[in-house]
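Asker: What follows is a single structure, and I will ask about it in a moment.
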Protein chains: 2
Amino acid sequence: MLQNENNSPVTAPEVLPTMTGTQILVIEDDPRMQKILHRMFRDQGYGVTVCGDGQSGLDSFRASKPAAVILDLMLPNIFGRDVCKVIKAEHPETPVIVVSAISEVADKVLLLELGADDYVTKPFSPRELMARVQAALRRRQKPIATVTFSFGECEIDFAKMSARRADKAVSLTAHEFKLLKYFVEHAERVLSREELLNEVWGYQSYPTTRTVDNHILKLRQKLEPDAAEPRYLQTVYGAGYKFVP
Amino acid sequence: MLQNENNSPVTAPEVLPTMTGTQILVIEDDPRMQKILHRMFRDQGYGVTVCGDGQSGLDSFRASKPAAVILDLMLPNIFGRDVCKVIKAEHPETPVIVVSAISEVADKVLLLELGADDYVTKPFSPRELMARVQAALRRRQKPIATVTFSFGECEIDFAKMSARRADKAVSLTAHEFKLLKYFVEHAERVLSREELLNEVWGYQSYPTTRTVDNHILKLRQKLEPDAAEPRYLQTVYGAGYKFVP
DNA sequence: GATGGAATGACAAACTTCTGACAATTAGGA
DNA sequence: TCCTAATTGTCAGAAGTTTGTCATTCCATC
């Protein structure tokens with residue numbers, strides 16, 4: 001279903017069809033290692049993106065905002081260490097686990113100086129890498145301690161990107177999830193449309209504020225008991241919206 | 001008069017102290033760009049200082065302590081990167097957003113190494129720069145999540161835009177919150193209608209002074225134990241009003 | 001092309017703000 | 001103390017904004 005299954009190297013970002021699950025970005029140039037890592041994480045239920053070089057890795061990182069990055073330090077084009085630095089600068093919360101052949105203690109220090117969260121030296125056991133990634137993810141999970149969040153008769157699983165209302169599955173789009181997540185993470189606070197546009201939609205696109213309203217509408221229709229009388233996604237007239245669980 | 005909501009007191013949950021006109025320092029040598037940036041931030045309600053070179057920029061920075069710095073990397077005299085370094089060394093909390101023609105990843109790394117908080121590459125959309133500045137400012141004030149203020153039997157939460165009196169929810173409009181916030185921030189001081197109109201209503205609109213009275217009336221009705229005998233929002237005959245908690 | 005999500009535009013509905021009039025109050029001088 | 005002028009309180013609609021909602025268009029993906 002994707003080229004990692006055979007042995008050809010992947011250079012362009014390869015996103016898996018199955019978008020569910022926590023996203024892991026693997027930046028690795030060795031085709032064999034690509035394959036191993038990909039299968040490993042996929043089998044554990046993660047979504048995996050594999051990039052063959054630093055540049056496409058960075059691009060993919062910006063595009064998909066993965067939950068964690070596995071980075072091989074031996075990369076063409078850009079040095080792995082620079083990739084690490086940029087990622088850490090742009091998004092310090094994202095755990096970066098470095099895979100390398102380095103064994104020198106001095107170099108390990110350097111590594112951690114780059115901002116890497118952890119490192120695994122080749123050759124490594126898959127289980128060790130997996131354990132370290134999961135540990136790193138666990139450490140980072142402050143904003144939403146539990147991957148699932150409940151309010152009223154709704155239950156949201158942000159990791160699985162699935163939602164249920166009154167025990168019936170409700171399908172939300174990617175944007176709707178993002179928006180809902182931002183609300184959950186900033187519960188009770190009044191959030192202006194501007195802020196929502198910036199934080200949820202990002203800086204590249206500039207939709208009208210009407211867009212926000214529309215998505216709120218959709219969320220209400222899908223999650224509120226009575227969309228006409230919103231209880232959780234409240235309008236704050238003249239200011240924005242706020243989420244009250 | 002809508003999107004400057006983000007820097008005006010109530011709509012974006014802001015920190016209590018010093019809410020009047022957030023100051024932005026623009027260090028940019030190109031006169032045309034100076035004009036554009038100046039107008040842009042001014043229109044959004046920010047106070048703007050523009051400097052044409054690094055040295056005066058640094059001087060201004062030290063003198064006025066702006067809330068954020070917009071820095072063009074192509075500067076005469078001192079290199080932009082040095083300006084950035086110095087600012088970050090002297091005052092690490094101040095967000096520095098770099099504007100440059102750089103697009104190379106390697107250079108971006110360098111940029112972030114300098115301590116810049118974000119960067120925008122030319123040509124950029126004004127909205128993107130604005131969005132990034134606002135995002136940077138927002139990030140800086142996160143620690144103070146809820147800002148509540150109490151007086152008498154009233155409790156105000158400016159972040160949630162909610163108010164209670166004697167444990168009963170009271171609904172205030174956006175303007176009423178803004179006004180109340182300004183009073184809270186300048187407690188005990190006599191505030192003239194002129195000042196209130198300028199600071200709370202902004203420079204775009206020019207309502208009559210009767211408007212202020214009306215809003216005071218509303219606030220009194222909603223928050224005072226006896227609106228006819230105001231205790232907290234006092235009238236100072238011939239001068240204005242003052243808030244006494 | 002067909003599909004589904006996202007964005008936009010338009011219009012009505014909901015809500016807030018403003019205005020102007022008049023009443024009530026205050027200050028200060030006769 | 002009384003009177004006058006100025007200032008402030010209060011109210012009810014008018015005027016203006018903001019939001020809900022739907023239909024339509026756009027866009028990318030299949």
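Labeling convention for the structure tokens: chains A, B, ... as they appear, residues from 1 per chain, ligands from 1 in order of appearance.
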Show me, as a list in words, the residues that have an atom within 10 Å of DG13 of chain D when counting only C-alpha atoms (C1' of nucleotides), minus same-chain residues fewer than 2 positions from it.
Answerer: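 Once the nearby chain positions are removed, what remains is DT19 of chain C; DC11 and DA15 of chain D.
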Asker: Mind listing as a PyMOL selection string which residues of chain C are within 12 Å of chain A, counting only C-alpha atoms (C1' of nucleotides)?
Answerer: chain C and resi 4-10+14-17
Asker: Quick one: write out the picked residues with C-alpha atoms (C1' of nucleotides) as a PDB file, in the first residue's frame?
Answerer:
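Contents of the output file again06.pdb:
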ATOM      1  C1'  DG C   4     -16.794  15.611   0.685  1.00  0.00           C
ATOM      2  C1'  DG C   5     -14.899  19.197   3.252  1.00  0.00           C
ATOM      3  C1'  DA C   6     -13.867  24.146   3.525  1.00  0.00           C
ATOM      4  C1'  DA C   7     -14.748  28.851   2.522  1.00  0.00           C
ATOM      5  C1'  DT C   8     -17.697  32.598   1.120  1.00  0.00           C
ATOM      6  C1'  DG C   9     -21.757  35.512   0.622  1.00  0.00           C
ATOM      7  C1'  DA C  10     -26.223  36.846   1.875  1.00  0.00           C
ATOM      8  C1'  DA C  14     -30.455  38.634  18.069  1.00  0.00           C
ATOM      9  C1'  DC C  15     -28.213  41.722  20.646  1.00  0.00           C
ATOM     10  C1'  DT C  16     -25.676  45.911  21.932  1.00  0.00           C
ATOM     11  C1'  DT C  17     -24.769  50.607  21.710  1.00  0.00           C
TER      12       DT C  17
END
Asker: With only C-alpha atoms (C1' of nucleotides) as the counted atoms, please give the residues lying no more than 8 Å from Ser192 of chain B, apart from itself and same-chain residues fewer than 6 positions off, as a list in words.
Answerer: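 Skipping anything fewer than 6 positions along the chain leaves Ala239, Gly240 and Tyr241 of chain B.
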Asker: So that I can check the surroundings of Leu180 of chain B, please list as a list in words every protein, DNA and RNA residue that reaches within 10 Å of it, counting only C-alpha atoms (C1' of nucleotides) and ignoring chain neighbours fewer than 2 positions away.
Answerer: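 Listed by chain and then number, they are Pro9, Val10, Ile156, Phe158, Leu172, Ala174, His175, Glu176, Phe177, Lys178, Tyr182, Phe183, Val184, Glu185, His186, Val200, His215, Ile216, Leu219, Leu233 and Phe243 of chain B.
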Asker: For those residues, write N, CA and C atoms to a file as a compact mmCIF listing (two decimals), in the first residue's frame.
Answerer:
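Saved result, selection-v2.txt, follows:
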# COMPACT_ATOMS: atom_id res chain seq x y z
N PRO B 9 -8.34 45.48 25.99
CA PRO B 9 -8.45 44.85 27.30
C PRO B 9 -9.22 43.55 27.39
N VAL B 10 -10.46 43.55 27.10
CA VAL B 10 -11.25 42.42 27.54
C VAL B 10 -11.29 41.24 26.59
N ILE B 156 -15.07 39.07 39.49
CA ILE B 156 -14.97 39.21 38.05
C ILE B 156 -13.84 38.34 37.53
N PHE B 158 -11.84 38.06 34.14
CA PHE B 158 -11.71 38.73 32.86
C PHE B 158 -11.40 37.75 31.73
N LEU B 172 -22.37 40.59 31.65
CA LEU B 172 -21.90 41.90 31.20
C LEU B 172 -21.59 41.83 29.72
N ALA B 174 -19.49 43.03 26.22
CA ALA B 174 -18.06 43.19 25.95
C ALA B 174 -17.58 44.59 26.37
N HIS B 175 -18.35 45.58 26.03
CA HIS B 175 -17.97 46.95 26.37
C HIS B 175 -17.97 47.17 27.88
N GLU B 176 -18.94 46.59 28.51
CA GLU B 176 -19.02 46.74 29.96
C GLU B 176 -17.79 46.11 30.62
N PHE B 177 -17.37 44.99 30.08
CA PHE B 177 -16.16 44.35 30.62
C PHE B 177 -14.94 45.24 30.41
N LYS B 178 -14.84 45.76 29.22
CA LYS B 178 -13.70 46.63 28.92
C LYS B 178 -13.65 47.81 29.88
N TYR B 182 -10.89 48.64 32.80
CA TYR B 182 -10.11 49.87 32.87
C TYR B 182 -10.22 50.50 34.25
N PHE B 183 -11.40 50.42 34.82
CA PHE B 183 -11.57 50.95 36.18
C PHE B 183 -10.74 50.16 37.18
N VAL B 184 -10.79 48.85 37.04
CA VAL B 184 -10.05 48.00 37.96
C VAL B 184 -8.55 48.29 37.86
N GLU B 185 -8.12 48.47 36.62
CA GLU B 185 -6.69 48.72 36.42
C GLU B 185 -6.25 50.09 36.93
N HIS B 186 -7.20 50.97 37.04
CA HIS B 186 -6.85 52.31 37.51
C HIS B 186 -7.70 52.67 38.71
N VAL B 200 -11.08 53.12 26.38
CA VAL B 200 -11.98 51.97 26.34
C VAL B 200 -12.65 51.85 24.97
N HIS B 215 -23.17 53.58 30.26
CA HIS B 215 -22.50 52.34 30.60
C HIS B 215 -22.20 52.25 32.09
N ILE B 216 -21.88 53.39 32.66
CA ILE B 216 -21.70 53.42 34.11
C ILE B 216 -23.00 53.00 34.79
N LEU B 219 -23.41 49.30 34.60
CA LEU B 219 -22.50 48.61 35.51
C LEU B 219 -23.01 48.72 36.95
N LEU B 233 -18.50 52.44 42.03
CA LEU B 233 -18.31 53.31 40.88
C LEU B 233 -18.84 54.70 41.23
N PHE B 243 -13.22 54.40 40.56
CA PHE B 243 -13.57 53.09 41.10
C PHE B 243 -12.87 52.89 42.43
Asker: Lay chain B over chain A with a least-squares fit on all the C-alpha atoms, paired in sequence, and tell me the RMSD.
Answerer: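 C-alpha RMSD after optimal superposition stands at 11.5 Å.
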Asker: Once you count only C-alpha atoms (C1' of nucleotides), which residues of chain D turn out to be within 12 Å of chain B? Could you give them as a ChimeraX atom specification?
Answerer: /D:6-11,17-18
Asker: Tell me the residues of chain A close to chain B, meaning within 6 Å using only C-alpha atoms, as a list in words.
Answerer: Val86, Glu188, Arg189, Val190, Tyr203, Gly238 and Ala239 of chain A
Asker: Quick one: everything within 9 Å of Thr209 of chain A, counting only C-alpha atoms (C1' of nucleotides), minus sequence neighbours fewer than 5 positions away in the same chain. Send it as a PDB file with N, CA and C atoms, in the first residue's frame.
Answerer:
ATOM      1  N   ARG A 193     -12.245  35.057  17.566  1.00  0.00           N
ATOM      2  CA  ARG A 193     -12.143  34.425  16.251  1.00  0.00           C
ATOM      3  C   ARG A 193     -10.731  34.573  15.706  1.00  0.00           C
ATOM      4  N   GLU A 194     -10.135  35.718  15.936  1.00  0.00           N
ATOM      5  CA  GLU A 194      -8.770  35.934  15.477  1.00  0.00           C
ATOM      6  C   GLU A 194      -7.831  34.879  16.052  1.00  0.00           C
ATOM      7  N   LEU A 197      -8.467  31.536  14.539  1.00  0.00           N
ATOM      8  CA  LEU A 197      -7.949  31.455  13.172  1.00  0.00           C
ATOM      9  C   LEU A 197      -6.443  31.255  13.189  1.00  0.00           C
ATOM     10  N   ASN A 214     -19.022  29.000  11.075  1.00  0.00           N
ATOM     11  CA  ASN A 214     -19.525  27.804  10.420  1.00  0.00           C
ATOM     12  C   ASN A 214     -19.045  26.524  11.090  1.00  0.00           C
TER      13      ASN A 214
END
Asker: If you measure from atom CA of Thr49 of chain B to atom CA of Leu73 of chain B, what distance in Å do you get, rounded to one decimal?
Answerer: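 Computed distance, atom CA of Thr49 of chain B to atom CA of Leu73 of chain B, equals 17.1 Å.
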